[in-house]
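Raw target-v2.txt, compact mmCIF, C-alpha atoms:
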# COMPACT_ATOMS: atom_id res chain seq x y z
CA MET A 1 166.19 118.43 146.75
CA ILE A 2 168.25 121.59 147.20
CA LYS A 3 171.02 120.74 149.67
CA VAL A 4 171.67 123.68 152.01
CA MET A 5 174.45 124.49 154.48
CA ILE A 6 173.81 127.14 157.16
CA ILE A 7 176.70 129.20 158.54
CA ASP A 8 175.79 131.51 161.42
CA ASP A 9 177.23 132.07 164.88
CA SER A 10 173.72 132.25 166.36
CA ALA A 11 172.38 128.88 167.48
CA VAL A 12 168.86 130.32 167.28
CA VAL A 13 169.32 131.30 163.64
CA ARG A 14 170.83 127.92 162.73
CA ALA A 15 167.98 126.06 164.42
CA THR A 16 165.25 128.30 163.01
CA LEU A 17 166.54 128.16 159.44
CA SER A 18 167.01 124.40 159.72
CA GLN A 19 163.43 123.98 160.90
CA ILE A 20 162.01 126.24 158.18
CA LEU A 21 163.82 124.42 155.39
CA SER A 22 163.17 120.96 156.80
CA ASN A 23 159.43 121.68 156.83
CA GLU A 24 159.37 122.86 153.21
CA ASN A 25 159.29 120.59 150.20
CA GLY A 26 162.43 120.54 148.09
CA PHE A 27 165.05 121.43 150.70
CA GLU A 28 167.51 119.39 152.74
CA VAL A 29 169.82 120.91 155.36
CA ILE A 30 172.99 118.83 155.10
CA GLY A 31 175.09 120.77 157.59
CA THR A 32 175.41 123.79 159.87
CA ALA A 33 178.43 125.65 161.24
CA SER A 34 178.88 128.29 163.92
CA ASP A 35 181.79 129.94 162.11
CA PRO A 36 183.52 129.79 158.71
CA LEU A 37 186.47 127.70 159.90
CA ILE A 38 184.15 124.94 161.03
CA ALA A 39 182.32 125.29 157.72
CA LEU A 40 185.53 124.93 155.71
CA LYS A 41 186.31 121.73 157.54
CA LYS A 42 182.84 120.33 156.88
CA LEU A 43 183.03 121.31 153.22
CA GLU A 44 185.83 118.80 152.79
CA THR A 45 183.13 116.11 152.81
CA LEU A 46 179.86 117.99 152.19
CA GLU A 47 178.63 119.22 148.81
CA PRO A 48 175.87 121.77 149.39
CA ASP A 49 173.99 123.34 146.49
CA VAL A 50 173.52 126.61 148.41
CA ILE A 51 175.09 128.16 151.51
CA THR A 52 173.40 130.71 153.78
CA LEU A 53 176.06 132.95 155.31
CA ASP A 54 176.17 135.57 158.06
CA ILE A 55 178.75 138.37 157.75
CA GLU A 56 179.75 139.10 161.35
CA MET A 57 181.12 135.90 162.89
CA PRO A 58 184.02 134.85 165.14
CA ARG A 59 187.43 133.63 163.94
CA MET A 60 186.71 134.50 160.30
CA ASP A 61 184.22 137.03 158.97
CA GLY A 62 181.76 136.11 156.27
CA ILE A 63 183.38 138.29 153.60
CA SER A 64 186.74 136.52 154.00
CA PHE A 65 185.00 133.14 153.82
CA LEU A 66 183.13 134.26 150.73
CA LYS A 67 186.33 135.33 148.97
CA GLN A 68 187.96 132.00 149.75
CA ILE A 69 185.01 129.89 148.60
CA MET A 70 184.39 131.84 145.41
CA SER A 71 188.06 131.70 144.41
CA THR A 72 188.44 127.97 145.00
CA ARG A 73 185.06 126.26 144.92
CA PRO A 74 182.20 128.53 143.80
CA ILE A 75 178.92 127.73 145.53
CA PRO A 76 175.76 129.87 145.36
CA ILE A 77 175.68 131.87 148.60
CA VAL A 78 172.78 133.69 150.23
CA ILE A 79 173.85 136.42 152.65
CA CYS A 80 171.68 136.35 155.78
CA SER A 81 172.84 139.38 157.74
CA SER A 82 171.66 142.03 160.19
CA MET A 83 174.16 144.49 158.69
CA ALA A 84 171.50 146.60 157.04
CA GLU A 85 172.50 150.11 158.07
CA ASP A 86 176.01 150.63 159.41
CA GLY A 87 177.21 147.51 157.68
CA SER A 88 175.25 147.81 154.47
CA ALA A 89 178.31 148.84 152.45
CA ASN A 90 180.11 145.73 153.71
CA ALA A 91 177.16 143.61 152.64
CA ILE A 92 177.24 145.16 149.17
CA ASN A 93 180.96 144.39 148.97
CA ALA A 94 180.29 140.81 150.05
CA MET A 95 177.86 140.35 147.22
CA GLN A 96 180.38 141.84 144.79
CA PHE A 97 182.63 138.90 145.69
CA GLY A 98 179.96 136.49 144.49
CA ALA A 99 177.00 136.22 146.87
CA VAL A 100 173.81 135.64 144.93
CA GLU A 101 170.96 136.67 147.23
CA MET A 102 170.34 138.83 150.30
CA ILE A 103 168.16 138.32 153.38
CA LYS A 104 168.17 141.15 155.89
CA LYS A 105 167.87 140.00 159.52
CA PRO A 106 166.73 142.45 162.20
CA GLN A 107 168.96 143.20 165.19
CA VAL A 108 166.28 141.87 167.57
CA GLY A 109 163.42 139.42 167.16
CA THR A 110 165.37 137.38 164.64
CA LYS A 111 163.63 134.07 165.31
CA LYS A 112 160.15 135.53 164.79
CA PHE A 113 161.30 137.43 161.70
CA LEU A 114 162.76 134.29 160.11
CA GLU A 115 159.62 132.29 160.83
CA GLU A 116 157.41 134.98 159.29
CA SER A 117 159.73 135.30 156.28
CA LYS A 118 159.97 131.64 155.39
CA ILE A 119 158.62 132.08 151.84
CA HIS A 120 161.09 134.90 151.26
CA ILE A 121 163.92 132.71 152.57
CA CYS A 122 162.95 129.69 150.49
CA ASP A 123 162.60 131.78 147.36
CA ALA A 124 166.01 133.39 147.93
CA ILE A 125 167.60 129.95 148.20
CA LYS A 126 165.75 128.77 145.07
CA ALA A 127 166.98 131.82 143.15
CA ALA A 128 170.52 131.17 144.33
CA TYR A 129 170.26 127.54 143.26
CA MET A 130 169.11 128.62 139.79
CA SER A 131 172.29 130.68 139.39
CA LYS A 132 174.55 127.62 139.47
CA GLY A 133 176.91 127.68 136.52
CA ARG A 134 176.70 131.45 136.13
CA LEU A 135 178.34 132.58 139.33
CA HIS A 136 181.09 134.40 137.46
CA LYS A 137 178.48 136.87 136.24
CA ILE A 138 177.16 137.80 139.69
CA SER A 139 178.48 140.52 141.98
CA ILE A 140 175.33 141.41 143.90
CA ALA A 141 171.74 140.26 143.70
CA PRO A 142 168.56 141.32 145.44
CA SER A 143 166.02 139.13 147.10
CA GLN A 144 163.58 137.75 144.62
CA LYS A 145 160.33 136.05 145.08
CA PRO A 146 159.06 133.85 142.25
CA VAL A 147 155.44 133.61 141.29
CA MET A 148 153.49 131.29 143.57
CA PRO A 149 150.80 129.19 141.86
CA ALA A 150 148.22 129.80 144.61
CA ASN A 151 147.74 131.51 147.94
CA ILE A 152 148.71 128.39 149.89
CA SER A 153 152.27 127.20 150.45
CA PRO A 154 153.29 123.50 150.22
CA THR A 155 152.88 123.28 154.01
CA GLY A 156 149.32 124.58 153.91
CA MET A 157 150.18 127.99 155.34
CA PRO A 158 148.52 131.01 153.69
CA VAL A 159 150.81 133.38 151.83
CA GLN A 160 150.30 136.99 150.88
CA PRO A 161 148.19 137.32 147.72
CA LYS A 162 149.93 138.48 144.57
CA LEU A 163 148.58 141.98 143.97
CA SER A 164 148.79 143.91 140.71
CA ALA A 165 149.74 147.54 140.13
CA ASP A 166 146.02 148.39 140.41
CA VAL A 167 146.51 148.82 144.16
CA MET A 168 148.93 151.71 143.52
CA LEU A 169 147.77 153.37 140.30
CA ALA A 170 144.96 153.02 137.77
CA LYS A 171 145.84 151.78 134.29
CA ALA A 172 146.23 154.54 131.69
CA THR A 173 144.03 154.92 128.64
CA PRO A 174 145.02 156.63 125.36
CA ALA A 175 142.40 159.32 125.98
CA GLN A 176 144.24 160.37 129.16
CA MET A 177 147.58 160.83 127.43
CA VAL A 178 148.20 164.52 126.76
CA LEU A 179 151.93 165.24 126.54
CA ASP A 180 153.39 168.73 126.94
CA THR A 181 156.92 167.56 126.15
CA THR A 182 158.90 165.35 123.82
CA GLU A 183 161.67 164.76 126.38
CA LYS A 184 162.47 161.08 126.63
CA VAL A 185 162.60 159.29 129.97
CA VAL A 186 163.99 155.80 130.66
CA VAL A 187 162.61 153.29 133.16
CA VAL A 188 164.47 150.10 134.04
CA GLY A 189 163.56 146.98 136.02
CA ALA A 190 165.94 144.27 137.23
CA SER A 191 166.30 141.62 139.90
CA THR A 192 168.56 138.58 140.36
CA GLY A 193 171.91 139.41 138.79
CA GLY A 194 170.71 142.92 138.08
CA THR A 195 173.22 144.87 140.09
CA GLU A 196 176.09 143.71 137.90
CA ALA A 197 173.98 144.17 134.76
CA LEU A 198 173.09 147.70 135.85
CA ARG A 199 176.74 148.52 136.50
CA VAL A 200 177.68 147.43 132.97
CA PHE A 201 174.74 149.32 131.47
CA LEU A 202 175.20 152.57 133.41
CA GLU A 203 178.97 152.71 132.92
CA MET A 204 178.35 152.87 129.16
CA LEU A 205 176.14 155.96 129.37
CA PRO A 206 177.44 159.49 128.72
CA ALA A 207 177.09 162.29 131.27
CA ASP A 208 174.11 163.76 129.39
CA ALA A 209 172.12 160.51 129.14
CA PRO A 210 168.33 160.83 129.40
CA GLY A 211 166.76 160.96 132.84
CA MET A 212 166.27 157.49 134.25
CA VAL A 213 164.43 155.69 137.07
CA ILE A 214 165.44 152.16 138.08
CA VAL A 215 163.76 149.51 140.21
CA GLN A 216 166.26 146.88 141.37
CA HIS A 217 164.81 144.38 143.82
CA MET A 218 166.94 144.97 146.90
CA PRO A 219 166.28 145.20 150.65
CA GLU A 220 165.73 148.45 152.49
CA ASN A 221 168.92 150.36 153.37
CA PHE A 222 170.98 148.58 150.71
CA THR A 223 169.82 150.71 147.80
CA ARG A 224 171.59 153.82 149.08
CA SER A 225 174.97 152.05 149.24
CA PHE A 226 174.32 150.54 145.83
CA ALA A 227 173.54 153.97 144.34
CA GLU A 228 176.61 155.53 145.95
CA ARG A 229 178.83 152.78 144.52
CA LEU A 230 177.42 153.30 141.02
CA ASN A 231 177.79 157.07 141.36
CA GLY A 232 181.50 156.58 141.86
CA LEU A 233 181.80 154.42 138.75
CA CYS A 234 179.60 156.16 136.20
CA LYS A 235 179.63 159.39 134.20
CA VAL A 236 175.96 159.96 135.03
CA LYS A 237 174.96 160.98 138.55
CA VAL A 238 173.35 158.09 140.44
CA SER A 239 171.43 158.49 143.69
CA GLU A 240 168.73 156.81 145.73
CA ALA A 241 165.38 158.36 144.81
CA LYS A 242 163.64 160.69 147.24
CA ASP A 243 160.01 161.72 146.98
CA GLY A 244 159.72 164.67 144.61
CA ASP A 245 163.13 164.25 142.93
CA SER A 246 163.20 165.58 139.37
CA VAL A 247 163.97 163.18 136.54
CA ILE A 248 166.47 165.11 134.45
CA ARG A 249 169.22 164.42 131.95
CA GLY A 250 172.41 163.03 133.39
CA HIS A 251 170.71 161.76 136.57
CA VAL A 252 169.73 158.18 137.43
CA LEU A 253 167.39 157.54 140.36
CA ILE A 254 167.41 154.14 142.14
CA ALA A 255 164.13 153.20 143.83
CA PRO A 256 164.69 152.82 147.60
CA GLY A 257 164.17 149.37 149.08
CA ASN A 258 160.77 148.72 150.68
CA LYS A 259 159.18 151.72 148.89
CA HIS A 260 157.31 151.92 145.62
CA THR A 261 158.66 154.50 143.15
CA LEU A 262 156.41 155.99 140.48
CA LEU A 263 157.20 158.27 137.57
CA LYS A 264 155.00 161.38 137.56
CA ARG A 265 154.74 164.48 135.36
CA ARG A 266 153.91 168.07 136.10
CA GLY A 267 153.45 169.87 132.81
CA ALA A 268 156.63 169.24 130.82
CA PHE A 269 158.66 168.05 133.83
CA TYR A 270 159.04 164.53 135.17
CA TYR A 271 159.59 163.68 138.82
CA VAL A 272 159.24 160.64 141.08
CA GLU A 273 156.82 159.80 143.82
CA VAL A 274 158.20 157.52 146.52
CA LYS A 275 155.49 156.02 148.68
CA ASP A 276 154.41 153.15 150.89
CA GLY A 277 152.01 150.50 149.69
CA PRO A 278 151.35 146.76 149.62
CA LEU A 279 153.60 144.31 147.81
CA VAL A 280 152.89 144.29 144.08
CA SER A 281 153.82 141.10 142.22
CA ARG A 282 155.18 140.23 145.71
CA HIS A 283 157.72 143.07 145.56
CA ARG A 284 158.23 146.51 147.02
CA PRO A 285 159.53 148.30 145.03
CA SER A 286 157.79 146.71 142.08
CA VAL A 287 158.83 147.03 138.46
CA ASP A 288 155.17 146.74 137.45
CA VAL A 289 154.33 149.85 139.47
CA LEU A 290 157.14 151.88 137.90
CA PHE A 291 156.30 150.70 134.39
CA ARG A 292 152.58 151.40 134.80
CA SER A 293 153.35 154.92 135.98
CA ALA A 294 155.59 155.38 132.93
CA SER A 295 152.80 154.22 130.63
CA ARG A 296 150.41 156.68 132.27
CA TYR A 297 152.62 159.77 132.52
CA ALA A 298 155.23 159.36 129.78
CA GLY A 299 153.52 157.19 127.15
CA LYS A 300 155.40 157.29 123.86
CA ASN A 301 158.14 159.41 125.48
CA ALA A 302 159.22 156.42 127.59
CA VAL A 303 161.92 153.86 126.86
CA GLY A 304 161.56 150.72 128.97
CA VAL A 305 164.30 148.22 129.80
CA ILE A 306 163.79 144.89 131.56
CA MET A 307 166.85 142.98 132.71
CA THR A 308 167.87 139.73 134.34
CA GLY A 309 165.65 138.52 137.15
CA MET A 310 163.53 135.70 138.48
CA GLY A 311 159.73 135.81 138.27
CA ASP A 312 157.50 138.05 136.17
CA ASP A 313 157.53 141.45 137.86
CA GLY A 314 157.51 144.08 135.12
CA ALA A 315 156.01 142.00 132.29
CA LYS A 316 152.47 143.39 132.65
CA GLY A 317 153.69 146.94 133.19
CA MET A 318 155.94 146.74 130.15
CA LEU A 319 153.03 145.53 128.01
CA GLU A 320 151.03 148.56 129.17
CA MET A 321 153.94 150.79 128.17
CA HIS A 322 154.02 149.12 124.75
CA GLU A 323 150.29 149.73 124.32
CA MET A 324 150.81 153.43 125.06
CA GLY A 325 153.53 153.78 122.43
CA ALA A 326 156.71 153.34 124.50
CA TYR A 327 159.77 151.59 123.06
CA ASN A 328 160.82 148.56 125.11
CA ILE A 329 164.07 146.61 125.33
CA ALA A 330 164.53 143.16 126.92
CA GLN A 331 167.87 141.64 127.86
CA ASP A 332 168.59 138.41 125.99
CA GLU A 333 168.83 134.98 127.61
CA LYS A 334 172.55 134.47 127.02
CA SER A 335 173.58 137.57 128.98
CA CYS A 336 171.04 137.10 131.80
CA VAL A 337 171.88 135.45 135.08
CA VAL A 338 168.23 134.39 135.35
CA PHE A 339 166.10 134.69 132.20
CA GLY A 340 162.81 135.09 134.03
CA MET A 341 161.53 138.66 133.94
CA PRO A 342 162.74 139.38 130.36
CA ALA A 343 161.34 136.04 129.17
CA GLU A 344 157.91 136.87 130.58
CA ALA A 345 157.93 140.32 128.98
CA ILE A 346 158.94 138.83 125.62
CA LYS A 347 156.27 136.14 125.89
CA ALA A 348 153.65 138.82 126.62
CA GLY A 349 154.61 140.70 123.46
CA ALA A 350 155.82 143.71 125.45
CA ALA A 351 159.39 143.92 124.08
CA ASP A 352 160.16 145.73 120.83
CA ILE A 353 163.70 144.37 120.70
CA VAL A 354 165.79 141.74 122.53
CA LEU A 355 169.46 142.58 123.00
CA PRO A 356 172.56 141.35 124.81
CA LEU A 357 173.50 143.43 127.84
CA GLN A 358 176.44 145.12 126.10
CA ASP A 359 174.15 146.58 123.40
CA ILE A 360 171.36 147.97 125.58
CA ALA A 361 172.94 151.33 126.44
CA GLU A 362 173.54 152.19 122.78
CA GLU A 363 169.95 151.30 121.89
CA VAL A 364 168.59 153.39 124.78
CA LEU A 365 170.59 156.38 123.58
CA ARG A 366 169.52 155.85 119.97
CA ARG A 367 165.84 155.70 120.87
CA SER A 368 166.13 158.69 123.20
CA ARG A 369 167.50 161.13 120.62
Output the file's structure as structure tokens, nothing else.
Amino acid sequence: MIKVMIIDDSAVVRATLSQILSNENGFEVIGTASDPLIALKKLETLEPDVITLDIEMPRMDGISFLKQIMSTRPIPIVICSSMAEDGSANAINAMQFGAVEMIKKPQVGTKKFLEESKIHICDAIKAAYMSKGRLHKISIAPSQKPVMPANISPTGMPVQPKLSADVMLAKATPAQMVLDTTEKVVVVGASTGGTEALRVFLEMLPADAPGMVIVQHMPENFTRSFAERLNGLCKVKVSEAKDGDSVIRGHVLIAPGNKHTLLKRRGAFYYVEVKDGPLVSRHRPSVDVLFRSASRYAGKNAVGVIMTGMGDDGAKGMLEMHEMGAYNIAQDEKSCVVFGMPAEAIKAGAADIVLPLQDIAEEVLRRSR
């Protein structure tokens, strides 16, 4: 049983989350609190495995609570916040202080949203629970949904089927691959723990690094703040991808939350297509979609990187890249927060090399020359 504590000033949210978790196998709500000061008092006797935490609350805000907890008694924390637009930068900062997962609440209709998102919520808490013991490595993490064994949840409720990249783009064949360029392009996929891994990776790249497209599982409206933060830290330019953006040297494009991002080519020039579509591998954006597009339009010119994350999104797409001649890198288990996505890619035979995080940038540059 994963023991959960819920901290939110909304009685509706506390009651709804409590009901959702109580009705699911494997969870036990051991306490709730309407503000962080009450929570701190209860934590003197309670030992939760995971805490769900709002950001805007009375008496003490969630960020201050998070700093205090992570400096004295680290506990996996899932941010459950409506601060998705004006407050998105604050939410990013909160996760930099140690929050593990993110659930975006709407400003209105919160109860209905939470009820409809129960699988997402449960999976976020599971992912947070899996990060125990590695909290020092986490600054921000996206929502992540693990693979479900069937289309029925433990409570008997139907869940959305797990679709493949076929719904977005047909699989490439060698006969279709006619390249008018030898310019290398890099595609990267990451999830739980990926924002910190991406920071380390991108900070090591020179200003003239090969053009790059990244899918990091993250909610809508958070990817822009994430890209802006990285842009201020790195030599390369980092921005949230827009439909039609060119993929050029020295520029890294981050797939926007809730949109699929595909690599495309027009003659010798690469660009991205940002578009709506169903969840693929239960994600939008999906790493599988990006990697399939790279296999189709870049082939042997592509370098693929798969980083820390829960689930298997990206494993199939990376195998398709491998089959089309791309060179693929997987992050090793020791440096991963969650060794899920890289493990699946390695198991599928999609990775050409397995490296610790600190060595990936050098290998990308070496293979891109």
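Using all atoms listed in the file, the smallest distance between any of A:Glu240, A:Glu183, A:Asp54, A:Asp312 and Leu66 of chain A comes from A:Asp54.
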Nearby residues (only C-alpha atoms) at most 8 Å from Leu114 of chain A, same-chain spacing under 6 positions excluded, as a list in words: Thr16, Leu17, Lys105 and Ile121 of chain A
Can you work out the spacing between atom CA of Asp245 of chain A and atom CA of Thr308 of chain A in Å, to one decimal?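 A separation of 26.4 Å between them.
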So, with only C-alpha atoms as the atoms that count, which of A:Met321, A:Ile254, A:Ala207, A:Val337 lies closest to Leu365 of chain A?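 For Leu365 of chain A, the nearest of the candidates is A:Ala207.
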May I ask for the distance between atom CA of Ala33 of chain A and atom CA of Gln68 of chain A, given in Å to one decimal place?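 A separation of 16.2 Å between them.
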